[in-house]
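Visitor: Structure file entry-v1.cif, mmCIF, C-alpha atoms, is pasted below:
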```cif
data_structure
loop_
_atom_site.label_atom_id
_atom_site.label_comp_id
_atom_site.auth_asym_id
_atom_site.auth_seq_id
_atom_site.Cartn_x
_atom_site.Cartn_y
_atom_site.Cartn_z
CA MET B 252 -12.04 -28.88 0.21
CA ASN B 253 -10.37 -26.55 -2.27
CA SER B 254 -12.25 -25.74 -5.45
CA GLN B 255 -11.25 -24.02 -8.67
CA ILE B 256 -11.99 -20.31 -8.94
CA SER B 257 -11.75 -17.86 -11.83
CA LEU B 258 -9.91 -14.57 -11.87
CA GLN B 259 -8.61 -12.10 -14.41
CA VAL B 260 -4.87 -11.59 -14.88
CA ASN B 261 -3.71 -8.94 -17.35
CA GLY B 262 -7.07 -9.08 -19.11
CA GLU B 263 -7.17 -12.88 -19.46
CA ILE B 264 -9.34 -15.31 -17.52
CA GLN B 265 -7.26 -17.70 -15.42
CA SER B 266 -8.16 -20.31 -12.84
CA CYS B 267 -6.53 -21.48 -9.65
CA VAL B 268 -7.38 -23.36 -6.49
CA SER B 269 -9.35 -21.39 -3.90
CA GLN B 270 -7.16 -19.90 -1.15
CA THR B 271 -4.03 -19.80 -3.34
CA SER B 272 -1.69 -17.10 -2.05
CA LEU B 273 -0.58 -14.34 -4.39
CA PRO B 274 3.09 -15.51 -4.54
CA GLN B 275 1.93 -19.06 -5.35
CA LEU B 276 -0.30 -17.76 -8.14
CA LEU B 277 2.50 -15.67 -9.63
CA GLN B 278 4.78 -18.69 -9.73
CA GLN B 279 2.05 -20.88 -11.26
CA LEU B 280 1.61 -18.30 -14.02
CA GLY B 281 5.35 -18.18 -14.72
CA PHE B 282 6.13 -14.78 -13.19
CA ASN B 283 9.24 -14.21 -11.10
CA PRO B 284 7.77 -12.67 -7.91
CA HIS B 285 10.98 -10.67 -7.41
CA LEU B 286 10.62 -8.92 -10.77
CA VAL B 287 6.98 -7.84 -10.86
CA ALA B 288 4.62 -5.24 -9.44
CA VAL B 289 0.99 -6.20 -8.80
CA GLU B 290 -2.22 -4.23 -9.01
CA TYR B 291 -4.85 -6.17 -7.06
CA ASN B 292 -8.50 -5.24 -7.67
CA GLY B 293 -7.54 -1.74 -8.81
CA GLU B 294 -4.90 -0.89 -6.19
CA ILE B 295 -1.14 -1.36 -6.10
CA LEU B 296 -0.46 -4.10 -3.57
CA HIS B 297 2.76 -3.59 -1.63
CA ARG B 298 5.01 -6.63 -1.49
CA GLN B 299 4.78 -7.02 2.31
CA PHE B 300 1.07 -7.91 1.90
CA TRP B 301 1.52 -10.52 -0.85
CA SER B 302 1.94 -13.61 1.32
CA GLY B 303 -1.21 -12.77 3.31
CA THR B 304 -3.30 -12.15 0.19
CA LYS B 305 -5.47 -15.12 -0.78
CA ILE B 306 -6.89 -15.13 -4.29
CA GLU B 307 -10.69 -15.09 -4.39
CA ASN B 308 -13.18 -15.79 -7.16
CA GLY B 309 -13.54 -12.79 -9.45
CA ASP B 310 -10.32 -11.03 -8.42
CA CYS B 311 -8.67 -8.84 -11.03
CA LEU B 312 -4.88 -8.58 -11.19
CA GLU B 313 -2.54 -6.60 -13.38
CA VAL B 314 0.99 -7.94 -13.21
CA VAL B 315 3.75 -5.71 -14.58
CA THR B 316 7.27 -6.99 -15.14
CA ILE B 317 9.99 -4.65 -13.96
CA VAL B 318 12.59 -4.13 -16.68
CA GLY B 319 15.96 -2.62 -15.91
CA GLY B 320 18.31 -0.83 -18.23
CA GLY B 321 18.58 2.50 -19.88
#
```
Write out the structure in this file as structure tokens.
Guide:
Amino acid sequence: MNSQISLQVNGEIQSCVSQTSLPQLLQQLGFNPHLVAVEYNGEILHRQFWSGTKIENGDCLEVVTIVGGG
């Protein structure tokens, strides 16, 4: 049974279903996973680890949108 958990994203409390993967969470929150960098619990999380990362209660994420241009 999946239950709701709380986490912090960019300083705001959010909730999601337990065992949500990081890419699923990003999409639920309206981020384009191809255009962001993620700090997960204080460390930059490289993209190859995203799909294997399951969100847990109390996690803290900083999501930064990559902006191109000059």
Visitor: Pick out the closest residue to His285 of chain B from this set: B:Ser254, B:Arg298, B:Glu263, B:Gly320. Count all atoms listed in the file.
Guide: B:Arg298
Visitor: Mind giving me the straight-line distance from atom CA of Gly319 of chain B to atom CA of Gln278 of chain B in Å, one decimal?
Guide: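 Going from atom CA of Gly319 of chain B over to atom CA of Gln278 of chain B covers 20.5 Å.
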Visitor: List the residues selected by the PyMOL selection byres ((chain B and resi 304) around 10) in the file shown, writing them as a list of chain:residue names.
Guide: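 Expected selection for the PyMOL selection byres ((chain B and resi 304) around 10) here is B:Gln270, B:Thr271, B:Ser272, B:Leu273, B:Pro274, B:Tyr291, B:Leu296, B:Gln299, B:Phe300, B:Trp301, B:Ser302, B:Gly303, B:Lys305, B:Ile306, B:Glu307.
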Visitor: From the list B:Cys267, B:Leu276, B:Ala288, B:Leu258, which residue is nearest Asp310 of chain B when using only C-alpha atoms?
Guide: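 Smallest distance to Asp310 of chain B is found for B:Leu258.
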Visitor: What is the distance between atom CA of Asn253 of chain B and atom CA of Gly281 of chain B, in Å to one decimal?
Guide: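 Computing the Euclidean distance for atom CA of Asn253 of chain B and atom CA of Gly281 of chain B yields 21.7 Å.
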Visitor: Restricting the calculation to all atoms listed in the file, which member of B:Val268, B:Val260, B:Val315, B:Ile295 is positioned closest to Leu280 of chain B?
Guide: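 Among the listed residues, the smallest separation from Leu280 of chain B belongs to B:Val260.
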Visitor: For the file shown, what are the residues hit by the PyMOL selection byres ((chain B and resi 316) around 8), laid out as a list in words?
Guide: Leu286, Val287, Ala288, Val314, Val315, Ile317 and Val318 of chain B
Visitor: To one decimal in Å, tell me the separation between atom CA of Val289 of chain B and atom CA of Gly262 of chain B.
Guide: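 Distance reported for this atom pair: 13.4 Å.
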Visitor: Pick out the closest residue to Ser257 of chain B from this set: B:Glu313, B:Gly293, B:Asn283, B:Asn308. Count only C-alpha atoms.
Guide: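 Checking each candidate against Ser257 of chain B, we get B:Asn308 as the closest.
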Visitor: Restricting the calculation to all atoms listed in the file: of B:Ser269, B:Asn261, B:Gln255, B:Gln275, which residue gets closest to Cys311 of chain B?
Guide: B:Asn261
Visitor: Might I get the box with edges along x, y and z of the file that holds all atoms of segment 278-281 of chain B listed there, padded by 5 Å on every side, given as centre and edge lengths in Å to one decimal, as lines of an AutoDock Vina configuration file?
Guide:
```
center_x = 3.5
center_y = -19.5
center_z = -12.2
size_x = 13.7
size_y = 12.7
size_z = 15.0
```
